[in-house]
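Source file: entry.pdb (PDB, C-alpha atoms)
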ATOM      1  CA  MET I 735      -0.451  17.113  19.820
ATOM      2  CA  THR I 736      -4.109  17.409  20.764
ATOM      3  CA  THR I 737      -5.584  15.540  23.716
ATOM      4  CA  ASP I 738      -7.147  12.942  21.391
ATOM      5  CA  ALA I 739      -3.829  12.380  19.610
ATOM      6  CA  GLN I 740      -2.040  11.920  22.948
ATOM      7  CA  ILE I 741      -4.677   9.448  24.141
ATOM      8  CA  LEU I 742      -4.374   7.406  20.943
ATOM      9  CA  ALA I 743      -0.576   7.522  21.124
ATOM     10  CA  ALA I 744      -0.670   6.246  24.719
ATOM     11  CA  LEU I 745      -3.092   3.444  23.864
ATOM     12  CA  ARG I 746      -0.953   2.355  20.902
ATOM     13  CA  GLY I 747       2.167   2.620  23.022
ATOM     14  CA  ALA I 748       0.701   0.036  25.395
ATOM     15  CA  GLY I 749       1.267  -2.600  22.696
ATOM     16  CA  GLY I 750      -2.160  -4.190  23.035
ATOM     17  CA  GLY I 751      -2.281  -3.735  26.803
ATOM     18  CA  SER I 752      -4.329  -1.339  28.879
ATOM     19  CA  VAL I 753      -3.643   2.167  30.153
ATOM     20  CA  SER I 754      -5.332   3.356  33.330
ATOM     21  CA  GLY I 755      -7.462   6.447  33.370
ATOM     22  CA  ALA I 756      -5.368   7.755  36.265
ATOM     23  CA  ASP I 757      -2.155   7.447  34.249
ATOM     24  CA  LEU I 758      -3.736   9.182  31.255
ATOM     25  CA  SER I 759      -5.094  11.933  33.501
ATOM     26  CA  GLU I 760      -1.703  12.571  35.075
ATOM     27  CA  LYS I 761       0.216  12.417  31.796
ATOM     28  CA  LEU I 762      -2.127  14.766  29.937
ATOM     29  CA  GLY I 763      -2.862  17.096  32.846
ATOM     30  CA  VAL I 764      -6.647  16.785  32.606
ATOM     31  CA  SER I 765      -9.325  15.186  34.800
ATOM     32  CA  ARG I 766     -10.355  11.543  34.518
ATOM     33  CA  ALA I 767     -13.822  12.772  33.549
ATOM     34  CA  ALA I 768     -12.248  14.669  30.651
ATOM     35  CA  ILE I 769     -10.402  11.513  29.573
ATOM     36  CA  TRP I 770     -13.677   9.575  29.631
ATOM     37  CA  ALA I 771     -15.380  12.242  27.525
ATOM     38  CA  ARG I 772     -12.620  12.078  24.907
ATOM     39  CA  ILE I 773     -12.764   8.270  24.882
ATOM     40  CA  GLU I 774     -16.502   8.455  24.201
ATOM     41  CA  GLU I 775     -15.897  10.911  21.366
ATOM     42  CA  LEU I 776     -13.287   8.603  19.819
ATOM     43  CA  ARG I 777     -15.732   5.711  20.054
ATOM     44  CA  SER I 778     -18.370   7.779  18.271
ATOM     45  CA  VAL I 779     -16.153   8.109  15.185
ATOM     46  CA  GLY I 780     -15.333   4.403  15.017
ATOM     47  CA  TYR I 781     -12.540   3.559  17.475
ATOM     48  CA  ASP I 782     -13.081   0.289  19.365
ATOM     49  CA  ILE I 783     -11.828   1.094  22.866
ATOM     50  CA  GLU I 784     -12.413  -1.342  25.704
ATOM     51  CA  ALA I 785     -12.907   0.109  29.205
ATOM     52  CA  SER I 786     -12.285  -1.914  32.348
ATOM     53  CA  PRO I 787     -12.800  -0.579  35.899
ATOM     54  CA  HIS I 788      -9.641  -2.340  37.054
ATOM     55  CA  LEU I 789      -7.342  -2.214  34.008
ATOM     56  CA  GLY I 790      -8.274   1.000  32.242
ATOM     57  CA  TYR I 791      -8.564   1.523  28.491
ATOM     58  CA  ARG I 792      -7.400  -0.731  25.643
ATOM     59  CA  LEU I 793      -7.460   0.006  21.921
ATOM     60  CA  LEU I 794      -8.963  -2.932  20.027
ATOM     61  CA  GLY I 795      -9.463  -1.403  16.599
ATOM     62  CA  ALA I 796      -9.464   1.762  14.533
ATOM     63  CA  PRO I 797     -11.575   2.845  11.540
ATOM     64  CA  ASP I 798     -10.153   3.150   8.040
ATOM     65  CA  ARG I 799     -10.638   6.893   8.167
ATOM     66  CA  LEU I 800      -8.144   9.710   7.841
ATOM     67  CA  LEU I 801      -8.342  11.710  11.063
ATOM     68  CA  ALA I 802      -5.701  14.275  11.910
ATOM     69  CA  ASP I 803      -5.434  13.242  15.567
ATOM     70  CA  ASP I 804      -5.038   9.584  14.624
ATOM     71  CA  LEU I 805      -2.370  10.304  12.008
ATOM     72  CA  MET I 806      -0.453  12.543  14.426
ATOM     73  CA  SER I 807      -0.588   9.883  17.145
ATOM     74  CA  ARG I 808       0.796   7.250  14.768
ATOM     75  CA  LEU I 809       3.474   9.523  13.303
ATOM     76  CA  GLY I 810       4.734  11.077  16.527
ATOM     77  CA  ARG I 811       6.502  14.395  16.800
ATOM     78  CA  THR I 812       8.403  15.603  13.765
ATOM     79  CA  ALA I 813       9.990  18.910  12.890
ATOM     80  CA  GLY I 814       9.710  18.167   9.181
ATOM     81  CA  VAL I 815       7.086  16.658   6.900
ATOM     82  CA  GLY I 816       3.899  15.996   8.853
ATOM     83  CA  ARG I 817       4.608  18.376  11.729
ATOM     84  CA  ASP I 818       1.104  19.730  11.079
ATOM     85  CA  ILE I 819      -1.623  17.489   9.604
ATOM     86  CA  ARG I 820      -5.021  18.698   8.412
ATOM     87  CA  VAL I 821      -7.805  16.511   7.019
ATOM     88  CA  PHE I 822     -10.840  17.615   4.994
ATOM     89  CA  GLU I 823     -13.825  15.426   4.244
ATOM     90  CA  GLU I 824     -13.996  17.023   0.791
ATOM     91  CA  THR I 825     -12.220  19.800  -1.062
ATOM     92  CA  THR I 826     -11.588  20.865  -4.646
ATOM     93  CA  SER I 827      -7.933  19.882  -4.589
ATOM     94  CA  THR I 828      -5.498  19.535  -1.713
ATOM     95  CA  ASN I 829      -2.992  21.499  -3.809
ATOM     96  CA  ASP I 830      -5.439  24.423  -3.788
ATOM     97  CA  VAL I 831      -5.682  24.290   0.013
ATOM     98  CA  VAL I 832      -1.906  24.161   0.475
ATOM     99  CA  GLU I 833      -1.379  26.989  -2.000
ATOM    100  CA  LYS I 834      -3.546  29.233   0.178
ATOM    101  CA  LEU I 835      -1.661  28.124   3.303
ATOM    102  CA  ALA I 836       1.622  28.885   1.556
ATOM    103  CA  ARG I 837       0.490  32.384   0.609
ATOM    104  CA  ASP I 838      -0.634  32.920   4.209
ATOM    105  CA  GLY I 839       2.900  32.185   5.439
ATOM    106  CA  VAL I 840       2.308  28.779   7.061
ATOM    107  CA  ARG I 841       5.528  26.960   7.954
ATOM    108  CA  GLU I 842       6.747  24.128   5.776
ATOM    109  CA  GLY I 843       5.867  20.551   6.616
ATOM    110  CA  VAL I 844       2.087  20.897   6.761
ATOM    111  CA  ALA I 845       0.345  17.919   5.136
ATOM    112  CA  VAL I 846      -3.234  18.308   3.922
ATOM    113  CA  PHE I 847      -5.382  15.232   3.215
ATOM    114  CA  ALA I 848      -8.860  15.042   1.707
ATOM    115  CA  GLU I 849     -11.162  12.060   1.855
ATOM    116  CA  ALA I 850     -12.487  13.188  -1.541
ATOM    117  CA  GLN I 851     -11.576  15.803  -4.153
ATOM    118  CA  THR I 852     -14.057  17.360  -6.553
ATOM    119  CA  ARG I 853     -11.401  18.764  -8.891
ATOM    120  CA  GLY I 854      -8.318  16.659  -8.302
ATOM    121  CA  ARG I 855      -5.705  17.171 -10.979
ATOM    122  CA  GLY I 856      -2.569  15.603 -12.339
ATOM    123  CA  ARG I 857       0.150  16.841 -14.656
ATOM    124  CA  LEU I 858      -0.705  18.723 -17.853
ATOM    125  CA  GLY I 859      -4.148  19.634 -16.497
ATOM    126  CA  ARG I 860      -5.409  16.047 -16.486
ATOM    127  CA  LYS I 861      -8.243  15.157 -14.114
ATOM    128  CA  TRP I 862      -7.418  12.872 -11.189
ATOM    129  CA  ILE I 863     -10.355  10.717 -10.072
ATOM    130  CA  SER I 864     -10.551  10.965  -6.255
ATOM    131  CA  PRO I 865     -13.514   8.943  -4.886
ATOM    132  CA  ALA I 866     -14.337   9.251  -1.189
ATOM    133  CA  HIS I 867     -12.522   6.980   1.278
ATOM    134  CA  LYS I 868     -10.798   5.009  -1.489
ATOM    135  CA  GLY I 869      -7.323   6.534  -1.726
ATOM    136  CA  LEU I 870      -4.752   8.930  -0.362
ATOM    137  CA  TRP I 871      -5.191  12.408  -1.799
ATOM    138  CA  LEU I 872      -2.710  14.740  -0.112
ATOM    139  CA  SER I 873      -0.425  17.719  -0.560
ATOM    140  CA  VAL I 874       2.638  18.815   1.404
ATOM    141  CA  LEU I 875       4.042  22.337   1.706
ATOM    142  CA  LEU I 876       7.833  22.722   1.507
ATOM    143  CA  ARG I 877      10.041  25.802   1.526
ATOM    144  CA  PRO I 878      13.383  24.385   0.313
ATOM    145  CA  ASP I 879      16.585  26.302  -0.246
ATOM    146  CA  LEU I 880      16.689  25.354  -3.915
ATOM    147  CA  ARG I 881      16.779  27.046  -7.281
ATOM    148  CA  PRO I 882      13.680  26.515  -9.456
ATOM    149  CA  GLN I 883      15.472  24.116 -11.793
ATOM    150  CA  GLU I 884      16.494  21.952  -8.814
ATOM    151  CA  THR I 885      12.948  21.209  -7.668
ATOM    152  CA  ILE I 886      12.902  18.111  -9.881
ATOM    153  CA  GLN I 887      14.876  16.624  -6.972
ATOM    154  CA  LEU I 888      11.735  16.826  -4.833
ATOM    155  CA  THR I 889       9.684  14.924  -7.420
ATOM    156  CA  ILE I 890      12.393  12.252  -7.513
ATOM    157  CA  ALA I 891      12.522  12.113  -3.702
ATOM    158  CA  THR I 892       8.729  11.799  -3.481
ATOM    159  CA  ALA I 893       8.763   8.907  -5.955
ATOM    160  CA  THR I 894      11.354   6.966  -3.943
ATOM    161  CA  ALA I 895       9.400   7.653  -0.733
ATOM    162  CA  LEU I 896       6.213   6.316  -2.358
ATOM    163  CA  VAL I 897       7.942   3.142  -3.548
ATOM    164  CA  ARG I 898       9.305   2.424  -0.069
ATOM    165  CA  ALA I 899       6.007   3.181   1.677
ATOM    166  CA  ILE I 900       4.004   0.957  -0.685
ATOM    167  CA  ARG I 901       6.477  -1.892  -0.329
ATOM    168  CA  SER I 902       6.602  -1.641   3.478
ATOM    169  CA  GLN I 903       2.806  -1.753   3.823
ATOM    170  CA  THR I 904       1.888  -4.201   1.068
ATOM    171  CA  GLY I 905       4.993  -6.043  -0.095
ATOM    172  CA  LEU I 906       4.106  -5.027  -3.662
ATOM    173  CA  ARG I 907       6.979  -4.227  -5.989
ATOM    174  CA  ALA I 908       6.305  -0.730  -7.300
ATOM    175  CA  GLU I 909       8.247   0.883 -10.140
ATOM    176  CA  ILE I 910       8.804   4.492 -11.153
ATOM    177  CA  LYS I 911       7.986   5.822 -14.594
ATOM    178  CA  TRP I 912       9.852   9.090 -15.095
ATOM    179  CA  PRO I 913       9.101  11.674 -13.971
ATOM    180  CA  ASN I 914       6.101  11.267 -11.673
ATOM    181  CA  ASP I 915       4.185   7.985 -11.999
ATOM    182  CA  ILE I 916       4.256   4.904  -9.775
ATOM    183  CA  LEU I 917       3.415   1.644 -11.547
ATOM    184  CA  ILE I 918       2.639  -1.873 -10.411
ATOM    185  CA  ASP I 919       2.911  -4.532 -13.102
ATOM    186  CA  GLY I 920       2.963  -1.778 -15.711
ATOM    187  CA  ARG I 921      -0.202  -0.023 -14.555
ATOM    188  CA  LYS I 922      -0.390   3.322 -12.775
ATOM    189  CA  THR I 923      -1.366   3.351  -9.104
ATOM    190  CA  ALA I 924       0.020   6.706  -7.930
ATOM    191  CA  GLY I 925       1.095  10.059  -9.311
ATOM    192  CA  ILE I 926       2.905  13.194  -8.193
ATOM    193  CA  LEU I 927       2.118  16.793  -9.111
ATOM    194  CA  THR I 928       4.785  19.336  -8.138
ATOM    195  CA  GLU I 929       3.791  23.001  -8.227
ATOM    196  CA  LEU I 930       5.916  25.926  -7.097
ATOM    197  CA  SER I 931       6.195  29.645  -6.626
ATOM    198  CA  ALA I 932       9.627  31.080  -7.290
ATOM    199  CA  GLU I 933      11.609  34.174  -8.079
ATOM    200  CA  LEU I 934      14.303  34.193 -10.742
ATOM    201  CA  ASP I 935      16.857  32.186  -8.788
ATOM    202  CA  GLN I 936      15.102  31.158  -5.561
ATOM    203  CA  VAL I 937      12.133  28.979  -4.697
ATOM    204  CA  LYS I 938       9.536  30.570  -2.408
ATOM    205  CA  TYR I 939       7.566  27.381  -1.815
ATOM    206  CA  VAL I 940       6.831  23.989  -3.375
ATOM    207  CA  ILE I 941       3.579  22.025  -3.198
ATOM    208  CA  LEU I 942       3.934  18.254  -3.502
ATOM    209  CA  GLY I 943       0.590  16.813  -4.606
ATOM    210  CA  ILE I 944       0.299  13.039  -4.240
ATOM    211  CA  GLY I 945      -2.513  10.733  -5.287
ATOM    212  CA  VAL I 946      -2.530   7.008  -4.481
ATOM    213  CA  ASP I 947      -5.273   4.637  -5.649
ATOM    214  CA  VAL I 948      -5.487   2.490  -2.533
ATOM    215  CA  ASN I 949      -8.791   0.636  -2.247
ATOM    216  CA  LEU I 950     -10.538   1.267  -5.559
ATOM    217  CA  ASN I 951     -12.175  -1.736  -7.205
ATOM    218  CA  PRO I 952     -11.406  -2.205 -10.930
ATOM    219  CA  GLY I 953     -14.943  -1.187 -11.901
ATOM    220  CA  GLU I 954     -14.599   2.138 -10.069
ATOM    221  CA  PHE I 955     -12.044   3.444 -12.558
ATOM    222  CA  PRO I 956     -13.376   5.303 -15.603
ATOM    223  CA  VAL I 957     -13.718   2.956 -18.573
ATOM    224  CA  GLU I 958     -10.906   4.686 -20.469
ATOM    225  CA  LEU I 959      -8.458   4.040 -17.589
ATOM    226  CA  ARG I 960      -9.219   0.423 -16.728
ATOM    227  CA  ARG I 961      -6.424  -0.986 -18.897
ATOM    228  CA  THR I 962      -3.764   1.437 -17.668
ATOM    229  CA  ALA I 963      -4.657   2.070 -13.994
ATOM    230  CA  THR I 964      -4.837  -0.136 -10.919
ATOM    231  CA  SER I 965      -5.092   0.080  -7.146
ATOM    232  CA  LEU I 966      -3.158  -1.458  -4.286
ATOM    233  CA  LYS I 967      -6.252  -3.439  -3.279
ATOM    234  CA  ALA I 968      -6.694  -4.818  -6.805
ATOM    235  CA  GLU I 969      -3.064  -5.941  -6.941
ATOM    236  CA  LEU I 970      -2.909  -7.294  -3.397
ATOM    237  CA  GLY I 971      -6.315  -8.954  -3.327
ATOM    238  CA  ARG I 972      -7.352  -7.309  -0.054
ATOM    239  CA  PRO I 973      -7.944  -3.789   1.315
ATOM    240  CA  VAL I 974      -4.987  -1.740   2.545
ATOM    241  CA  SER I 975      -5.092   0.412   5.687
ATOM    242  CA  ARG I 976      -5.055   3.983   4.432
ATOM    243  CA  PRO I 977      -3.987   5.532   7.786
ATOM    244  CA  GLU I 978      -1.030   3.144   8.063
ATOM    245  CA  LEU I 979       0.024   3.851   4.479
ATOM    246  CA  ALA I 980      -0.380   7.603   5.014
ATOM    247  CA  VAL I 981       1.904   7.574   8.042
ATOM    248  CA  ALA I 982       4.477   5.372   6.293
ATOM    249  CA  LEU I 983       4.513   7.784   3.358
ATOM    250  CA  LEU I 984       4.983  10.852   5.579
ATOM    251  CA  ARG I 985       7.885   9.155   7.386
ATOM    252  CA  GLU I 986       9.611   8.163   4.163
ATOM    253  CA  LEU I 987       9.056  11.572   2.590
ATOM    254  CA  ASP I 988      10.440  13.318   5.676
ATOM    255  CA  GLN I 989      13.560  11.154   5.423
ATOM    256  CA  ASP I 990      14.143  11.932   1.746
ATOM    257  CA  TYR I 991      13.411  15.635   2.158
ATOM    258  CA  ALA I 992      16.067  15.734   4.874
ATOM    259  CA  ARG I 993      18.520  14.158   2.415
ATOM    260  CA  VAL I 994      17.685  16.769  -0.234
ATOM    261  CA  ARG I 995      18.219  19.591   2.266
ATOM    262  CA  ALA I 996      21.535  18.053   3.346
ATOM    263  CA  ARG I 997      22.686  18.024  -0.310
ATOM    264  CA  ARG I 998      22.730  14.229  -0.370
ATOM    265  CA  PHE I 999      20.564  13.890  -3.445
ATOM    266  CA  ALA I1000      22.985  11.425  -5.052
ATOM    267  CA  ALA I1001      21.859   8.688  -2.647
ATOM    268  CA  ILE I1002      18.224   9.302  -3.605
ATOM    269  CA  ALA I1003      19.112   9.281  -7.313
ATOM    270  CA  ASP I1004      20.813   5.888  -6.949
ATOM    271  CA  GLU I1005      17.725   4.445  -5.278
ATOM    272  CA  TRP I1006      15.435   6.032  -7.876
ATOM    273  CA  GLU I1007      17.437   4.484 -10.734
ATOM    274  CA  ALA I1008      17.131   1.039  -9.104
ATOM    275  CA  HIS I1009      13.335   1.334  -9.188
ATOM    276  CA  CYS I1010      12.867   3.167 -12.486
ATOM    277  CA  SER I1011      11.266   1.277 -15.383
ATOM    278  CA  THR I1012      12.041   4.081 -17.856
ATOM    279  CA  LEU I1013      15.837   3.778 -17.867
ATOM    280  CA  GLY I1014      17.251   1.744 -20.700
ATOM    281  CA  GLN I1015      14.049   2.133 -22.705
ATOM    282  CA  ARG I1016      13.511   3.903 -25.987
ATOM    283  CA  VAL I1017      11.123   6.770 -25.305
ATOM    284  CA  CYS I1018       9.422   9.745 -26.872
ATOM    285  CA  ILE I1019       9.285  12.794 -24.598
ATOM    286  CA  ARG I1020       6.904  15.632 -25.411
ATOM    287  CA  THR I1021       7.729  19.044 -23.976
ATOM    288  CA  GLY I1022       5.205  21.543 -25.283
ATOM    289  CA  GLU I1023       5.235  21.309 -29.081
ATOM    290  CA  ARG I1024       8.611  19.561 -29.148
ATOM    291  CA  GLN I1025       9.142  15.794 -29.343
ATOM    292  CA  ILE I1026      12.469  14.182 -28.436
ATOM    293  CA  ARG I1027      13.196  10.533 -29.135
ATOM    294  CA  GLY I1028      16.011   8.447 -27.769
ATOM    295  CA  ARG I1029      17.137   6.088 -25.010
ATOM    296  CA  ALA I1030      16.707   7.097 -21.354
ATOM    297  CA  GLU I1031      20.121   6.553 -19.767
ATOM    298  CA  SER I1032      20.278   7.951 -16.213
ATOM    299  CA  LEU I1033      19.728  10.902 -13.911
ATOM    300  CA  ASP I1034      22.307  13.657 -13.623
ATOM    301  CA  ASP I1035      23.456  15.164 -10.322
ATOM    302  CA  GLY I1036      20.565  17.646 -10.345
ATOM    303  CA  GLY I1037      17.791  15.113 -10.998
ATOM    304  CA  ALA I1038      17.290  15.698 -14.730
ATOM    305  CA  LEU I1039      16.863  12.756 -17.110
ATOM    306  CA  LEU I1040      19.748  12.168 -19.495
ATOM    307  CA  LEU I1041      18.444  11.090 -22.894
ATOM    308  CA  ARG I1042      20.660   9.751 -25.687
ATOM    309  CA  THR I1043      18.943  11.006 -28.837
ATOM    310  CA  GLU I1044      18.663   9.262 -32.181
ATOM    311  CA  HIS I1045      21.565  11.436 -33.348
ATOM    312  CA  GLY I1046      23.843  10.406 -30.472
ATOM    313  CA  HIS I1047      23.553  13.638 -28.495
ATOM    314  CA  LEU I1048      22.991  13.548 -24.731
ATOM    315  CA  GLU I1049      20.058  15.792 -23.808
ATOM    316  CA  ARG I1050      19.186  16.932 -20.288
ATOM    317  CA  ILE I1051      15.396  16.757 -19.744
ATOM    318  CA  ILE I1052      13.706  18.207 -16.638
ATOM    319  CA  GLY I1053      10.083  17.599 -17.580
ATOM    320  CA  GLY I1054       7.721  16.235 -20.185
ATOM    321  CA  ASP I1055       5.228  13.547 -21.094
ATOM    322  CA  VAL I1056       6.860  10.145 -21.666
ATOM    323  CA  THR I1057       5.745   7.385 -24.031
ATOM    324  CA  LEU I1058       7.636   4.107 -24.307
ATOM    325  CA  GLU I1059       8.516   3.100 -27.860
ATOM    326  CA  LYS I1060       9.131  -0.355 -29.258
TER     327      LYS I1060
END

Reformat the file's structure so that it appears as structure tokens.
Amino acid sequence: MTTDAQILAALRGAGGGSVSGADLSEKLGVSRAAIWARIEELRSVGYDIEASPHLGYRLLGAPDRLLADDLMSRLGRTAGVGRDIRVFEETTSTNDVVEKLARDGVREGVAVFAEAQTRGRGRLGRKWISPAHKGLWLSVLLRPDLRPQETIQLTIATATALVRAIRSQTGLRAEIKWPNDILIDGRKTAGILTELSAELDQVKYVILGIGVDVNLNPGEFPVELRRTATSLKAELGRPVSRPELAVALLRELDQDYARVRARRFAAIADEWEAHCSTLGQRVCIRTGERQIRGRAESLDDGGALLLRTEHGHLERIIGGDVTLEK
């Protein structure tokens, strides 16, 4: 971790108490003057840090900004998801940034956040509205030992991680609409875009793109989305801390990715089914030019949706656009 991340971690670790400059200096191996300079820099970007000649430094408040050092200090050391965190004030799409990192050979686990995206995208080439400082727009690089057709497991794992993170930070009951949408009271608040590079039978890398509408007001959604989209703030009635939600999401995603790697996907699938609003419903699934109608029954061992068609056949579906039917 950087010096700033270590300072923030120490201040948070004090549990509301103070940490002396001498202790920070000794722990970090830098001078007390250097500690003071870093404290001043943290104050300049919005951290409320009290300084007392006798007690030391105390963290009173933090800005609702996504800063790599702050996120690392909250998350702590991890060998998996979030081992490397990078934050951009603005980019085209975080998936674009991670794709370049992947091609450059960066290790898996890097998480890239943007405060705003100019060309955020969802599935099927749809535009994802990404206003500045209003949501979580992030992508994670993974290099799993999976076959291409098994990467649906990562979409499923990301959905369960999102549900748990949202519930832990807000208490809101989120549901999953297969394969990649998170709904609250029937309206979309988050989505997942999984992109990959693979050879015939082996994945080279996977990019998990995640967008969460955190603190958007209803009027900030495009007119055509106001009946079908919502934000955590709109549902909760108050703003949600984006840094706290970001860290909760990285922790939950790291846990589920570890389960996928350990070939314990069945446990994730069980949890996913408990939160899925699609199962048991009559649906129409569009895959390219093809439309399949039937009842969504369950997930199979590999993460595909099992659909009982109108003709009684059980079809295995690994992707598509889903519409609920009456």

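Evaluating the PyMOL selection byres ((chain I and resi 982) around 9) against the shown model yields Leu809, Ala895, Leu896, Arg898, Ala899, Ile900, Ser902, Gln903, Pro977, Glu978, Leu979, Ala980, Val981, Leu983, Leu984, Arg985, Glu986 and Leu987 of chain I.
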
On this structure, which residues satisfy the PyMOL selection byres ((chain I and resi 831-834) around 10), written as an mmCIF file with C-alpha atoms, in the coordinates of the input?
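And here is the file that came out, part_6.cif:
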data_model
loop_
_atom_site.group_PDB
_atom_site.id
_atom_site.type_symbol
_atom_site.label_atom_id
_atom_site.label_comp_id
_atom_site.auth_asym_id
_atom_site.auth_seq_id
_atom_site.Cartn_x
_atom_site.Cartn_y
_atom_site.Cartn_z
ATOM 1 C CA PHE I 822 -10.840 17.615 4.994
ATOM 2 C CA THR I 825 -12.220 19.800 -1.062
ATOM 3 C CA THR I 826 -11.588 20.865 -4.646
ATOM 4 C CA SER I 827 -7.933 19.882 -4.589
ATOM 5 C CA THR I 828 -5.498 19.535 -1.713
ATOM 6 C CA ASN I 829 -2.992 21.499 -3.809
ATOM 7 C CA ASP I 830 -5.439 24.423 -3.788
ATOM 8 C CA LEU I 835 -1.661 28.124 3.303
ATOM 9 C CA ALA I 836 1.622 28.885 1.556
ATOM 10 C CA ARG I 837 0.490 32.384 0.609
ATOM 11 C CA ASP I 838 -0.634 32.920 4.209
ATOM 12 C CA GLY I 839 2.900 32.185 5.439
ATOM 13 C CA VAL I 840 2.308 28.779 7.061
ATOM 14 C CA VAL I 844 2.087 20.897 6.761
ATOM 15 C CA ALA I 845 0.345 17.919 5.136
ATOM 16 C CA VAL I 846 -3.234 18.308 3.922
ATOM 17 C CA PHE I 847 -5.382 15.232 3.215
ATOM 18 C CA ALA I 848 -8.860 15.042 1.707
ATOM 19 C CA LEU I 872 -2.710 14.740 -0.112
ATOM 20 C CA SER I 873 -0.425 17.719 -0.560
ATOM 21 C CA VAL I 874 2.638 18.815 1.404
ATOM 22 C CA LEU I 875 4.042 22.337 1.706
ATOM 23 C CA LEU I 876 7.833 22.722 1.507
ATOM 24 C CA GLU I 929 3.791 23.001 -8.227
ATOM 25 C CA LEU I 930 5.916 25.926 -7.097
ATOM 26 C CA SER I 931 6.195 29.645 -6.626
ATOM 27 C CA TYR I 939 7.566 27.381 -1.815
ATOM 28 C CA VAL I 940 6.831 23.989 -3.375
ATOM 29 C CA ILE I 941 3.579 22.025 -3.198
ATOM 30 C CA LEU I 942 3.934 18.254 -3.502
ATOM 31 C CA GLY I 943 0.590 16.813 -4.606
#

Quiz item: For this file, the PyMOL selection byres ((chain I and resi 1010) around 12) selects which residues, as number ranges by chain?
Solution: I: 890, 893-894, 897, 907-918, 920, 1003-1009, 1011-1015, 1030-1033, 1039

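Of the listed residues (I:Gln740, I:Leu1058, I:Arg921, I:Arg998), I:Leu1058 comes nearest to Arg1027 in chain I; the distances count only C-alpha atoms.
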
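Comparing I:His1047, I:Glu958, I:Ile1052, I:Arg1016 by their smallest distance to Pro882 in chain I, the closest is I:Ile1052 (using all atoms listed in the file).
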
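You can rank I:Ala1001, I:Leu950, I:Ile741, I:Val957 by their closest distance to Lys761 in chain I using only C-alpha atoms, and at the top of that list sits I:Ile741.
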
Quiz item: From the list I:Ala813, I:Ala850, I:Ala744, I:Leu880, which residue is nearest Val937 in chain I when using all atoms listed in the file?
Solution: I:Leu880

Exercise. Write out as number ranges by chain each polymer residue whose atoms come within 12 Å of Asp935 in chain I, counting all atoms listed in the file; drop sequence neighbours fewer than 6 positions from it.
Key: I: 879-885

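Our summary of the geometry notes that CA of Asp990 in chain I is positioned 10.7 Å from CA of Gly814 in chain I.
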
Quiz item: Nearest to Ala1038 in chain I among I:Thr852, I:Thr889, I:Thr1057, I:Thr928, with distances taken over only C-alpha atoms: which residue is it?
Solution: I:Thr889

Self-check item: Protein/DNA/RNA residues near (18.5, 11.6, -22.9), cut 7 Å, all atoms listed in the file, as a ChimeraX atom specification
Solution: /I:1028-1031,1039-1043,1048-1051

Quiz item: Can you tell me, as a ChimeraX atom specification, what residues are no more than 12 Å from Arg777 in chain I when counting all atoms listed in the file, ignoring any on the same chain fewer than 4 positions away?
Solution: /I:738,742,770-773,781-785,791-797

Practice problem: Provide the CA of Gly816 in chain I to CA of Val994 in chain I distance in Å, to one decimal place. | Solution: 16.5 Å

Exercise. Have a look at CA of Val779 in chain I and CA of Arg811 in chain I and let me know their distance in Å, one decimal.
Key: 23.6 Å

Reconstruct range 828-835 of chain I at the level of N, CA, C and O atoms, and format the result as a PDB file, in the coordinates of the input.
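Now in rebuild.pdb:
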ATOM      1  N   THR I 828      -6.371  19.252  -2.856  1.00  0.00           N
ATOM      2  CA  THR I 828      -5.498  19.535  -1.713  1.00  0.00           C
ATOM      3  C   THR I 828      -4.385  20.516  -2.105  1.00  0.00           C
ATOM      4  O   THR I 828      -3.913  21.281  -1.270  1.00  0.00           O
ATOM      5  N   ASN I 829      -3.980  20.512  -3.379  1.00  0.00           N
ATOM      6  CA  ASN I 829      -2.992  21.499  -3.809  1.00  0.00           C
ATOM      7  C   ASN I 829      -3.534  22.919  -3.675  1.00  0.00           C
ATOM      8  O   ASN I 829      -2.807  23.852  -3.314  1.00  0.00           O
ATOM      9  N   ASP I 830      -4.828  23.103  -3.949  1.00  0.00           N
ATOM     10  CA  ASP I 830      -5.439  24.423  -3.788  1.00  0.00           C
ATOM     11  C   ASP I 830      -5.393  24.872  -2.337  1.00  0.00           C
ATOM     12  O   ASP I 830      -5.106  26.038  -2.039  1.00  0.00           O
ATOM     13  N   VAL I 831      -5.696  23.953  -1.410  1.00  0.00           N
ATOM     14  CA  VAL I 831      -5.682  24.290   0.013  1.00  0.00           C
ATOM     15  C   VAL I 831      -4.275  24.679   0.453  1.00  0.00           C
ATOM     16  O   VAL I 831      -4.066  25.681   1.137  1.00  0.00           O
ATOM     17  N   VAL I 832      -3.281  23.888   0.052  1.00  0.00           N
ATOM     18  CA  VAL I 832      -1.906  24.161   0.475  1.00  0.00           C
ATOM     19  C   VAL I 832      -1.387  25.443  -0.162  1.00  0.00           C
ATOM     20  O   VAL I 832      -0.610  26.181   0.456  1.00  0.00           O
ATOM     21  N   GLU I 833      -1.804  25.738  -1.374  1.00  0.00           N
ATOM     22  CA  GLU I 833      -1.379  26.989  -2.000  1.00  0.00           C
ATOM     23  C   GLU I 833      -1.842  28.190  -1.168  1.00  0.00           C
ATOM     24  O   GLU I 833      -1.086  29.144  -0.964  1.00  0.00           O
ATOM     25  N   LYS I 834      -3.063  28.148  -0.674  1.00  0.00           N
ATOM     26  CA  LYS I 834      -3.546  29.233   0.178  1.00  0.00           C
ATOM     27  C   LYS I 834      -2.750  29.304   1.481  1.00  0.00           C
ATOM     28  O   LYS I 834      -2.386  30.391   1.949  1.00  0.00           O
ATOM     29  N   LEU I 835      -2.468  28.144   2.081  1.00  0.00           N
ATOM     30  CA  LEU I 835      -1.661  28.124   3.303  1.00  0.00           C
ATOM     31  C   LEU I 835      -0.275  28.710   3.050  1.00  0.00           C
ATOM     32  O   LEU I 835       0.261  29.451   3.877  1.00  0.00           O
TER      33      LEU I 835
END
